[in-house]
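Okay, work.txt is below, compact mmCIF, C-alpha atoms:
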```txt
# COMPACT_ATOMS: atom_id res chain seq x y z
CA MET A 1 10.70 0.44 30.92
CA SER A 2 10.38 1.06 27.20
CA GLU A 3 8.97 -1.66 24.99
CA SER A 4 11.53 -2.95 22.51
CA PHE A 5 11.05 -3.94 18.88
CA LEU A 6 10.58 -7.63 18.17
CA LEU A 7 9.72 -8.98 14.75
CA HIS A 8 6.31 -10.69 14.76
CA PRO A 9 6.82 -14.51 14.71
CA VAL A 10 4.63 -14.94 11.60
CA LEU A 11 6.74 -12.43 9.66
CA SER A 12 9.85 -14.13 10.93
CA ALA A 13 8.60 -17.58 9.85
CA ASP A 14 7.42 -16.49 6.39
CA THR A 15 10.50 -14.54 5.33
CA LEU A 16 14.27 -14.50 4.89
CA PRO A 17 16.23 -11.52 6.27
CA ILE A 18 17.90 -9.21 3.74
CA ALA A 19 19.19 -6.19 5.63
CA THR A 20 18.66 -3.89 8.57
CA LEU A 21 18.00 -0.38 7.21
CA PRO A 22 17.87 2.84 9.25
CA VAL A 23 14.11 2.58 9.80
CA SER A 24 13.16 -0.94 8.78
CA GLU A 25 14.03 -4.57 8.82
CA LEU A 26 14.03 -5.58 5.15
CA LEU A 27 12.76 -9.10 4.57
CA LEU A 28 12.20 -11.33 1.55
CA MET A 29 8.94 -13.25 1.52
CA ASN A 30 9.78 -16.93 1.08
CA ASP A 31 7.60 -17.26 -2.02
CA ALA A 32 9.40 -17.92 -5.30
CA ARG A 33 6.32 -16.86 -7.30
CA PHE A 34 7.06 -13.15 -6.75
CA PRO A 35 10.08 -11.05 -5.73
CA TRP A 36 8.31 -9.83 -2.63
CA CYS A 37 9.94 -7.66 0.01
CA ILE A 38 8.55 -6.58 3.35
CA LEU A 39 9.66 -3.50 5.26
CA VAL A 40 9.03 -3.61 9.01
CA PRO A 41 9.74 -0.34 10.81
CA GLN A 42 11.77 -1.20 13.90
CA LEU A 43 9.51 0.65 16.28
CA PRO A 44 7.46 -1.20 18.86
CA GLY A 45 3.68 -1.09 18.90
CA LEU A 46 2.96 0.25 15.41
CA THR A 47 -0.05 -1.25 13.65
CA GLU A 48 -1.00 1.35 11.02
CA TRP A 49 1.15 3.08 8.42
CA HIS A 50 -0.11 6.51 9.41
CA HIS A 51 1.16 5.89 12.94
CA LEU A 52 4.73 6.16 11.66
CA PRO A 53 6.24 9.09 13.59
CA ALA A 54 6.93 12.28 11.64
CA GLU A 55 10.71 11.91 11.72
CA ALA A 56 10.54 8.38 10.27
CA ARG A 57 8.24 9.19 7.35
CA LEU A 58 10.74 10.46 4.78
CA PRO A 59 13.47 7.94 5.67
CA PHE A 60 10.89 5.17 5.41
CA PHE A 61 9.74 6.47 2.03
CA ASP A 62 13.36 6.44 0.92
CA GLU A 63 13.63 2.79 1.92
CA MET A 64 10.45 1.96 -0.01
CA ASP A 65 11.89 3.86 -3.00
CA ARG A 66 15.21 1.98 -2.88
CA VAL A 67 13.52 -1.42 -2.56
CA SER A 68 11.17 -0.58 -5.44
CA ARG A 69 14.09 0.32 -7.69
CA CYS A 70 15.96 -2.87 -6.75
CA LEU A 71 12.95 -4.97 -7.65
CA LEU A 72 12.41 -3.14 -10.95
CA ALA A 73 16.04 -3.94 -11.81
CA LEU A 74 15.32 -7.69 -11.64
CA PRO A 75 14.77 -9.47 -14.97
CA GLY A 76 11.21 -9.12 -16.26
CA ILE A 77 9.81 -6.98 -13.43
CA THR A 78 7.71 -4.12 -14.83
CA LYS A 79 5.51 -2.95 -11.95
CA ILE A 80 5.63 -2.44 -8.21
CA ASN A 81 2.74 -3.18 -5.90
CA VAL A 82 2.82 -1.68 -2.42
CA GLY A 83 0.50 -2.65 0.38
CA ALA A 84 0.02 -2.39 4.10
CA LEU A 85 -2.82 -4.63 5.23
CA GLY A 86 -2.21 -6.17 8.64
CA ASN A 87 -5.54 -7.96 8.83
CA ARG A 88 -3.79 -11.16 9.91
CA VAL A 89 -0.52 -9.90 11.40
CA PRO A 90 -1.03 -6.70 13.36
CA GLN A 91 2.59 -5.49 13.44
CA LEU A 92 3.02 -2.73 10.83
CA HIS A 93 4.69 -4.18 7.75
CA VAL A 94 4.69 -2.80 4.23
CA HIS A 95 4.81 -5.13 1.24
CA VAL A 96 6.80 -4.03 -1.81
CA VAL A 97 6.32 -6.56 -4.58
CA GLY A 98 7.79 -6.84 -8.06
CA ARG A 99 5.16 -7.80 -10.61
CA HIS A 100 4.84 -8.61 -14.30
CA PRO A 101 1.96 -9.55 -16.57
CA ALA A 102 2.89 -13.25 -16.69
CA ASP A 103 3.20 -13.74 -12.94
CA ALA A 104 1.03 -16.12 -10.92
CA ALA A 105 -1.50 -13.52 -9.76
CA TRP A 106 -1.51 -10.82 -12.45
CA PRO A 107 -3.44 -8.52 -12.61
CA GLY A 108 -4.81 -9.43 -9.18
CA PRO A 109 -3.09 -8.75 -5.87
CA VAL A 110 -0.48 -11.13 -4.42
CA TRP A 111 -2.31 -11.11 -1.09
CA GLY A 112 -4.76 -13.99 -1.02
CA SER A 113 -3.34 -15.44 -4.24
CA GLY A 114 -2.78 -18.95 -2.94
CA ALA A 115 -0.05 -20.86 -1.18
CA ALA A 116 3.53 -19.65 -1.14
CA VAL A 117 6.12 -21.67 -3.06
CA PRO A 118 9.32 -21.68 -0.97
CA TYR A 119 12.57 -20.81 -2.73
CA GLU A 120 15.24 -23.34 -3.51
CA ALA A 121 18.28 -22.38 -1.46
CA ALA A 122 20.44 -21.28 -4.42
CA LYS A 123 17.70 -19.10 -5.89
CA ALA A 124 17.01 -17.51 -2.50
CA ARG A 125 20.71 -16.78 -2.04
CA GLU A 126 20.93 -15.17 -5.49
CA LEU A 127 17.94 -12.92 -4.88
CA LEU A 128 19.00 -11.98 -1.34
CA ASP A 129 22.41 -11.00 -2.74
CA ALA A 130 20.92 -9.04 -5.64
CA ILE A 131 18.58 -7.05 -3.42
CA GLY A 132 21.04 -6.74 -0.54
CA SER A 133 23.76 -5.30 -2.79
CA GLY A 134 21.32 -3.21 -4.83
CA ILE A 135 19.94 -1.58 -1.70
CA GLY A 136 23.42 -0.20 -1.08
CA MET B 137 4.15 22.24 -23.61
CA SER B 138 3.79 20.60 -20.20
CA GLU B 139 1.45 17.68 -19.80
CA SER B 140 -1.46 18.43 -17.50
CA PHE B 141 -3.08 16.19 -14.93
CA LEU B 142 -6.21 14.36 -15.99
CA LEU B 143 -7.93 11.76 -13.84
CA HIS B 144 -7.87 8.35 -15.53
CA PRO B 145 -11.35 7.57 -16.94
CA VAL B 146 -11.60 4.26 -15.06
CA LEU B 147 -10.95 6.00 -11.75
CA SER B 148 -13.44 8.66 -12.70
CA ALA B 149 -16.10 6.07 -13.59
CA ASP B 150 -15.60 3.94 -10.45
CA THR B 151 -15.60 6.72 -7.87
CA LEU B 152 -17.36 9.75 -6.43
CA PRO B 153 -15.33 12.91 -5.80
CA ILE B 154 -14.81 13.97 -2.18
CA ALA B 155 -12.29 16.81 -2.19
CA THR B 156 -9.28 18.32 -3.89
CA LEU B 157 -6.38 18.28 -1.41
CA PRO B 158 -3.01 20.02 -1.83
CA VAL B 159 -1.41 16.97 -3.45
CA SER B 160 -4.26 14.64 -4.33
CA GLU B 161 -7.72 14.28 -5.67
CA LEU B 162 -9.61 12.42 -2.94
CA LEU B 163 -12.19 9.99 -4.28
CA LEU B 164 -14.67 7.55 -2.76
CA MET B 165 -14.86 4.17 -4.46
CA ASN B 166 -18.50 3.55 -5.39
CA ASP B 167 -18.64 0.29 -3.47
CA ALA B 168 -20.92 0.23 -0.44
CA ARG B 169 -19.19 -2.91 0.90
CA PHE B 170 -16.22 -0.90 2.21
CA PRO B 171 -15.50 2.75 3.05
CA TRP B 172 -12.81 2.94 0.40
CA CYS B 173 -10.97 6.11 -0.51
CA ILE B 174 -8.51 6.67 -3.32
CA LEU B 175 -5.86 9.38 -3.35
CA VAL B 176 -4.63 10.39 -6.80
CA PRO B 177 -1.64 12.77 -6.78
CA GLN B 178 -2.45 15.54 -9.27
CA LEU B 179 0.81 15.19 -11.15
CA PRO B 180 0.87 13.97 -14.72
CA GLY B 181 2.64 10.79 -15.75
CA LEU B 182 3.14 9.10 -12.37
CA THR B 183 2.72 5.34 -12.32
CA GLU B 184 4.64 4.23 -9.22
CA TRP B 185 4.43 5.50 -5.65
CA HIS B 186 8.21 5.90 -5.39
CA HIS B 187 8.08 8.30 -8.36
CA LEU B 188 6.37 10.87 -6.14
CA PRO B 189 8.72 13.88 -6.14
CA ALA B 190 10.59 14.64 -2.93
CA GLU B 191 8.59 17.77 -2.11
CA ALA B 192 5.27 15.91 -2.39
CA ARG B 193 6.17 12.97 -0.19
CA LEU B 194 5.44 14.41 3.26
CA PRO B 195 2.31 16.32 2.17
CA PHE B 196 1.03 13.16 0.51
CA PHE B 197 1.72 11.15 3.66
CA ASP B 198 -0.22 13.75 5.61
CA GLU B 199 -3.19 13.27 3.28
CA MET B 200 -3.00 9.50 3.72
CA ASP B 201 -2.83 10.04 7.49
CA ARG B 202 -5.89 12.33 7.50
CA VAL B 203 -7.94 9.98 5.34
CA SER B 204 -6.97 7.02 7.51
CA ARG B 205 -8.12 8.85 10.64
CA CYS B 206 -11.42 9.83 9.00
CA LEU B 207 -12.11 6.23 8.06
CA LEU B 208 -11.22 4.95 11.54
CA ALA B 209 -13.75 7.43 12.93
CA LEU B 210 -16.57 5.73 11.01
CA PRO B 211 -18.76 3.30 12.99
CA GLY B 212 -17.22 -0.16 13.24
CA ILE B 213 -14.02 0.49 11.34
CA THR B 214 -11.04 -0.99 13.17
CA LYS B 215 -8.26 -1.28 10.56
CA ILE B 216 -6.85 0.58 7.60
CA ASN B 217 -5.56 -1.15 4.48
CA VAL B 218 -3.35 0.86 2.15
CA GLY B 219 -2.37 -0.23 -1.31
CA ALA B 220 -0.91 1.02 -4.56
CA LEU B 221 -1.25 -1.60 -7.25
CA GLY B 222 -1.90 -0.12 -10.69
CA ASN B 223 -1.87 -3.44 -12.52
CA ARG B 224 -5.07 -2.47 -14.34
CA VAL B 225 -5.06 1.33 -14.17
CA PRO B 226 -1.56 2.74 -14.64
CA GLN B 227 -2.15 6.21 -13.20
CA LEU B 228 -0.69 6.31 -9.66
CA HIS B 229 -3.50 5.98 -7.16
CA VAL B 230 -3.33 4.93 -3.53
CA HIS B 231 -6.16 3.05 -1.92
CA VAL B 232 -6.97 3.78 1.73
CA VAL B 233 -9.67 1.42 2.91
CA GLY B 234 -11.52 1.10 6.19
CA ARG B 235 -11.87 -2.52 7.25
CA HIS B 236 -13.44 -4.59 10.01
CA PRO B 237 -13.56 -8.30 10.79
CA ALA B 238 -17.16 -8.69 9.58
CA ASP B 239 -16.69 -7.00 6.20
CA ALA B 240 -17.18 -8.73 2.86
CA ALA B 241 -13.53 -9.58 2.27
CA TRP B 242 -11.96 -9.90 5.73
CA PRO B 243 -9.17 -10.91 6.30
CA GLY B 244 -8.40 -10.89 2.58
CA PRO B 245 -7.69 -7.80 0.50
CA VAL B 246 -10.50 -5.72 -1.04
CA TRP B 247 -8.74 -5.86 -4.41
CA GLY B 248 -10.06 -8.79 -6.37
CA SER B 249 -12.81 -9.41 -3.81
CA GLY B 250 -15.71 -9.46 -6.27
CA ALA B 251 -18.08 -6.97 -7.83
CA ALA B 252 -18.63 -3.53 -6.36
CA VAL B 253 -22.03 -2.77 -4.85
CA PRO B 254 -22.88 0.83 -5.77
CA TYR B 255 -24.08 3.11 -2.98
CA GLU B 256 -27.64 4.28 -2.63
CA ALA B 257 -27.61 8.03 -3.16
CA ALA B 258 -28.44 8.96 0.44
CA LYS B 259 -25.78 6.67 1.87
CA ALA B 260 -23.19 8.00 -0.55
CA ARG B 261 -24.09 11.58 0.40
CA GLU B 262 -23.77 10.80 4.10
CA LEU B 263 -20.34 9.22 3.69
CA LEU B 264 -19.04 11.91 1.33
CA ASP B 265 -20.11 14.50 3.88
CA ALA B 266 -18.58 12.62 6.81
CA ILE B 267 -15.22 12.20 5.10
CA GLY B 268 -15.27 15.60 3.43
CA SER B 269 -15.86 17.39 6.71
CA GLY B 270 -13.55 15.10 8.69
CA ILE B 271 -10.69 15.76 6.30
CA GLY B 272 -10.89 19.43 7.25
```

Represent the supplied structure as structure tokens.
Amino acid sequence: MSESFLLHPVLSADTLPIATLPVSELLLMNDARFPWCILVPQLPGLTEWHHLPAEARLPFFDEMDRVSRCLLALPGITKINVGALGNRVPQLHVHVVGRHPADAAWPGPVWGSGAAVPYEAAKARELLDAIGSGIG
Amino acid sequence: MSESFLLHPVLSADTLPIATLPVSELLLMNDARFPWCILVPQLPGLTEWHHLPAEARLPFFDEMDRVSRCLLALPGITKINVGALGNRVPQLHVHVVGRHPADAAWPGPVWGSGAAVPYEAAKARELLDAIGSGIG
């Protein structure tokens, strides 16, 4: 019996769903301090980025590319930060974060930068729509 | 006249060279707290990971894969962290870091985790050799 993909409960609790892409679930971190997406390849058992199977590598890169361009199209965003850590949540997930020099953690990383500030519903809706439609 | 690739002086100052790979310069961060490699695609003008041209994407992933496996082969290393930030140094560079639950920053990120501890020469040599030969 093959193992099936299930989103890790911590990722599920910390994020809002944006879209299901060919390789990944695309999520929005529920932290209004940063436009912060997470791509979770929908393959069971992956814990490291380099474990991504050969046939998924280019499509996954394309998804990272599209998310990066969506975030750079948001007002004020000038830089993308990408990271795959997994020290707390083992399921492979890749952070793609829009940054700018006046944000709450600049020039440091968003990881370990303090407590998340949940979105107000209207602001979350607006951002989910902007990214969801931008991703095409 | 085409621009040529030059390693950013901050990356040059903070690292020790390991190898020149097909896509990237492979560097070792001079910080004995973590086995911490940096891959710098040898293409001028890149600042974001998603700017990597289509033909370099799979070969670059292969280099990230090989470096990750080398680091996981080092004693005690149990996890890889990958990151591309560039908030301080604009030249595209991808960090590939070997981590373990007793290291100096666990479970936080290595970026922003305090001052680097330079290697003793013999230890640096040993690690450069291990990674340089492991990378093939």

Leaving out B:Leu207 and any residue of its chain fewer than 4 positions from it, which residues lie within 10 Å of it when counting all atoms listed in the file, given as a PDB file with C-alpha atoms, in the frame of the given file?
```
ATOM      1  CA  PRO B 171     -15.500   2.750   3.050  1.00  0.00           C
ATOM      2  CA  TRP B 172     -12.810   2.940   0.400  1.00  0.00           C
ATOM      3  CA  CYS B 173     -10.970   6.110  -0.510  1.00  0.00           C
ATOM      4  CA  ARG B 202      -5.890  12.330   7.500  1.00  0.00           C
ATOM      5  CA  VAL B 203      -7.940   9.980   5.340  1.00  0.00           C
ATOM      6  CA  PRO B 211     -18.760   3.300  12.990  1.00  0.00           C
ATOM      7  CA  GLY B 212     -17.220  -0.160  13.240  1.00  0.00           C
ATOM      8  CA  ILE B 213     -14.020   0.490  11.340  1.00  0.00           C
ATOM      9  CA  THR B 214     -11.040  -0.990  13.170  1.00  0.00           C
ATOM     10  CA  LYS B 215      -8.260  -1.280  10.560  1.00  0.00           C
ATOM     11  CA  ILE B 216      -6.850   0.580   7.600  1.00  0.00           C
ATOM     12  CA  VAL B 232      -6.970   3.780   1.730  1.00  0.00           C
ATOM     13  CA  VAL B 233      -9.670   1.420   2.910  1.00  0.00           C
ATOM     14  CA  GLY B 234     -11.520   1.100   6.190  1.00  0.00           C
ATOM     15  CA  ARG B 235     -11.870  -2.520   7.250  1.00  0.00           C
ATOM     16  CA  LEU B 263     -20.340   9.220   3.690  1.00  0.00           C
ATOM     17  CA  ALA B 266     -18.580  12.620   6.810  1.00  0.00           C
ATOM     18  CA  ILE B 267     -15.220  12.200   5.100  1.00  0.00           C
ATOM     19  CA  GLY B 270     -13.550  15.100   8.690  1.00  0.00           C
ATOM     20  CA  ILE B 271     -10.690  15.760   6.300  1.00  0.00           C
TER      21      ILE B 271
END
```

For this session: Provide as a list of chain:residue names the residues of chain A at most 8 Å from chain B, counting only C-alpha atoms.
Result: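 Per the criterion, chain A yields A:Glu48, A:His50, A:His51, A:Arg57, A:Leu58, A:Phe61, A:Met64, A:Asp65, A:Ser68, A:Lys79, A:Ile80, A:Asn81, A:Val82, A:Gly83, A:Ala84, A:Leu85, A:Gly86, A:Asn87, A:Arg88, A:Trp106, A:Pro107, A:Gly108, A:Pro109, A:Trp111, A:Gly112.
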
Exercise. Which distance in Å separates atom CA of B:Val176 and atom CA of B:Leu264, to one decimal?
Worked result: 16.6 Å

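The protein and nucleic acid residues lying at most 8 Å from B:Ala168 are Asn166, Phe170, Pro171, Ala252, Val253, Pro254 and Tyr255 of chain B, with only C-alpha atoms considered and sequence neighbours fewer than 2 positions away removed.
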
For this session: Would you please work out which residue, of A:Leu39, A:Arg125, A:Ala73, A:Arg33, is nearest to A:Ala105 when using all atoms listed in the file?
Result: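 Answer, going by the shortest atom-to-atom distance: A:Arg33.
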